[in-house]
Structures are given as structure tokens and as C-alpha cells.
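Contents: one structure, followed by commentary.
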Amino acid sequence: MGNKAEGRVPHLQNHTRTGLPRIIPLGDSAASVLFEAAVSPQTHRRVRAVCSRLSSAPFAGMLEFVPSFHSVAVYYDGHAVLKAYPQYIAPGEENYPYPVVAALLKDLLKHTEEQEAPAPRTVRIPVCYGGENGPDLEFVARHNGLSVQEVIDVHSSADYLVYMLGFAPGFPYLGGLSPAISAPRRSSPRLVIPAGSVGIAGDQTGVYPLETPGGWQLIGRTPLALFKPDAMPPVLLLAGDIVRFYPVSFREFSDMGDERL
């Protein structure tokens with residue numbers, strides 16, 4: 001099916017022009033909207049604008065959408081799509097929902113170009129740095145020729161953009177880490193990392209929402225729960241949020257009993 005099927009829908013050709021994202025099938029019940037392959041705030045704003053449009057004006061049969069660094073995966077119920085948009089079905093394509101979805105998405109993209117992404121939300125996250133909560137903090141300091149306190153100061157003085165969630169439910173991939181405290185992944189990943197651990201890998205920082213294996217350098221831990229499966233939404237952070245870390249003592253960390261993971 002793929003591009004050949006897409007090309008058999010005359011409606012699609014009216015919206016093909018330079019600069020628009022590509023749309024490709026993603027299995028038999030999803031499509032992917034692809035922007036330029038760059039991790040940047042500009043691309044992120046375009047991704048968020050598409051998500052905002054999909055959220056405010058979903059097409060019939062759409063199930064959900066998932067943003068990433070430079071794409072949006074759109075999942076749909078094929079039977080519902082074919083039933084809702086018979087006018088988009090080309091002769092002989094009665095059983096193929098993807099061309100219909102591609103046409104709908106191209107219409108959406110045409111209008112989304114004029115839409116701005118919503119204002120970001122700022123979320124402050126307390127972090128108990130070092131000690132048993134951040135066993136790699138001293139390594140990060142030595143690796144960069146800094147003191148432990150300087151690493152804490154740099155890490156807690158920046159605004160971090162949540163580009164996407166992935167790896168584990170609620171795990172935020174944060175951009176904006178200063179190169180002054182970047183550090184490579186561990187040569188040997190840990191089999192178990194406590195939930196709430198704050199880590200650094202390359203030029204990114206993130207927070208483990210669950211107890212999982214992982215290879216990031218751990219510099220601290222937050223008492224906040226980033227994933228609560230019974231809550232709505234179940235995740236603390238969303239793509240587009242701004243995260244600000246602030247240091248707390250071990251006593252303060254321990255006293256945040258109501259917020260513990």
C-alpha cells in the first residue's frame with residue numbers, strides 16, 4: 001500500500017508542496033507525520049502545533065497520537081475511518097483506510113501551519129542530589145573538572161524542555177542540559193534503578209519514573225511520582241512542558257511523604 005496507495009487518491013496531490021511534513025504508513029492502523037530529522041525547539045513547536053490541532057479537532061476514528069522528537073504517530077480505527085469518510089475512498093480502495101487518513105492529515109497540516117503551539121507549562125521538581133540518591137554525581141563532577149556543588153548549581157539553574165516521553169511510562173527526554181555537565185552513559189548499565197532517579201546521558205537529562213534497568217549517570221532523586229497509573233493523566237510531565245529542578249536536603253526529601261513514589 002504505502003506511497004503507491006497514497007498516490008491513488010487525487011485529493012492528496014492538491015496539498016503536496018515543499019516544506020510540508022511527510023506522511024507515511026506506520027503498520028496497518030497508524031500513520032506517521034515526519035518533520036525534518038532534527039532535535040530542535042523549532043521542530044518541537046511544529047510537533048506540538050500538530051498535536052494541539054489533533055487534540056482540538058480529531059478526525060472520526062482517530063484513537064490517539066504520540067509525539068516524538070520530530071514526528072507524530074497517529075493511531076486510528078480503520079473501520080471507523082472508512083465509515084466516516086466515504087467521499088475520500090477511491091474506487092477499489094474500499095478496504096484501505098490509510099489513504100483516507102493521509103488525506104485527512106494533509107488537510108490538517110495545511111491549516112496547522114498558521115496555528116501556534118500552546119504556551120508551555122512549567123513544572124518544578126525537587127531533587128536530593130548526591131549520596132545514595134545520586135551515586136554518580138562525583139563521577140560527573142570529575143569528568144567535567146568541576147566540584148559536586150558546581151554540578152548541582154548548573155543542573156538546577158536551567159530550564160529543560162520536555163521533548164517527548166518514552167523508554168518507560170512518563171520518562172521525560174529533556175533538552176537544555178549545559179555541556180559543562182554532560183557525561184557519557186555508564187559502560188555497564190545498572191540492572192535496577194530506583195524510581196525518581198535523575199540522570200544524565202550525553203547532552204540530556206531525565207527522570208526514571210519507574211524502577212527499571214538503565215545506563216544514565218545518576219546524580220540525584222526526586223520524591224515526586226512521575227507516573228501514577230490510576231491518575232488522569234497518569235504522567236506528571238507532558239511533551240512541551242518546561243522543567244525546573246531545585247535542590248532539597250535529604251531531610252526534606254524524606255519528609256515529602258505524601259509525594260513519595
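We label chains A, B, ... in the order they appear in the C-alpha cells, count residues from 1 in each chain, and number ligands from 1 in the order shown.
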- request: Identify, on the basis of only C-alpha atoms, every residue whose closest approach to Val198 (chain A) does not exceed 12 Å; exclude the query and any residue fewer than 2 positions from it along the same chain; express the result as an MDAnalysis selection string.
  value: chainID A and resid 125:130 133:137 152 155:156 171:174 193:196 200:201 204:210 214:224 226 245:247
Need the shell around Leu20 (chain A): protein/DNA/RNA residues with any atom at most 12 Å away, counting only C-alpha atoms. Skip same-chain ones fewer than 5 positions apart. Format as a CSV table (one decimal) with C-alpha atoms, in the first residue's frame?
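Once everything was written out, this is part-v5.csv:
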```
chain,number,residue,atom,x,y,z
A,15,HIS,CA,-1.6,19.5,-0.8
A,33,VAL,CA,3.8,12.7,10.3
A,34,LEU,CA,7.5,13.3,9.8
A,35,PHE,CA,9.2,16.6,10.2
A,36,GLU,CA,12.9,17.4,9.5
A,46,ARG,CA,5.8,22.3,14.9
A,50,VAL,CA,0.1,19.3,15.1
A,105,LEU,CA,-3.8,14.6,7.9
A,106,LYS,CA,-2.7,16.7,4.9
A,107,ASP,CA,-5.8,18.8,5.3
A,108,LEU,CA,-4.9,19.3,9.0
A,109,LEU,CA,-1.3,20.2,8.2
A,110,LYS,CA,-2.5,22.8,5.7
A,111,HIS,CA,-4.3,24.6,8.5
A,112,THR,CA,-1.9,23.9,11.3
A,113,GLU,CA,0.8,26.0,9.7
```
- prompt: Residues at most 9 Å from Pro41 (chain A), counting only C-alpha atoms, excluding those fewer than 4 positions away in the same chain, as a ChimeraX atom specification?
  reply: /A:45-46,161,163,175
- request: Enumerate as a PyMOL selection string all residues of region 4-104 of chain A assigned to strand (DSSP E or B) by DSSP on the backbone, naming them with the chain letters and numbers the document uses.
  value: chain A and resi 22-25+30-34+62-67+71-76
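What separates CA of Pro189 (chain A) from CA of Glu211 (chain A) is a distance of 13.4 Å.
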message: When DSSP is applied to the backbone of this structure, which of region 99-194 of chain A are assigned helix (DSSP H, G or I)? Write them out as an NGL selection string.
response: :A and (99-112 or 131-133 or 137-144 or 148-155 or 179-181)
task: Can you pull out every residue within 10 Å of Asp77 (chain A), counting only C-alpha atoms, but drop anything in the same chain fewer than 5 positions away, and send it as a list in words?
output: Asp28, Ser29, Ala30, Ala60, Gly61, Met62, Leu63, Glu64, Leu82 and Pro97 of chain A
- request: Between CA of Phe250 (chain A) and CA of Val154 (chain A), measure the distance and give it in Å to one decimal.
  value: 19.4 Å
task: Could you check which of A:Ala231, A:Val140, A:Leu26, A:Ala183 is closest to Ala73 (chain A), using only C-alpha atoms?
output: A:Leu26
message: Report, in Å with one decimal, the straight-line distance from CA of Arg48 (chain A) to CA of Val162 (chain A).
response: 11.1 Å
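Counting only C-alpha atoms, the residue from A:Tyr76, A:Tyr88, A:Tyr98, A:Phe139 that sits nearest to Ile24 (chain A) is A:Tyr98.
Using only C-alpha atoms for every distance, the candidate list A:Ser178, A:Ser249, A:Thr122, A:Ser32 yields A:Ser32 as the residue closest to Val101 (chain A).
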message: Need the shell around Asp159 (chain A): protein/DNA/RNA residues with any atom at most 7 Å away, counting only C-alpha atoms. Skip same-chain ones fewer than 5 positions apart. Format as a ChimeraX atom specification?
response: /A:176,242-244
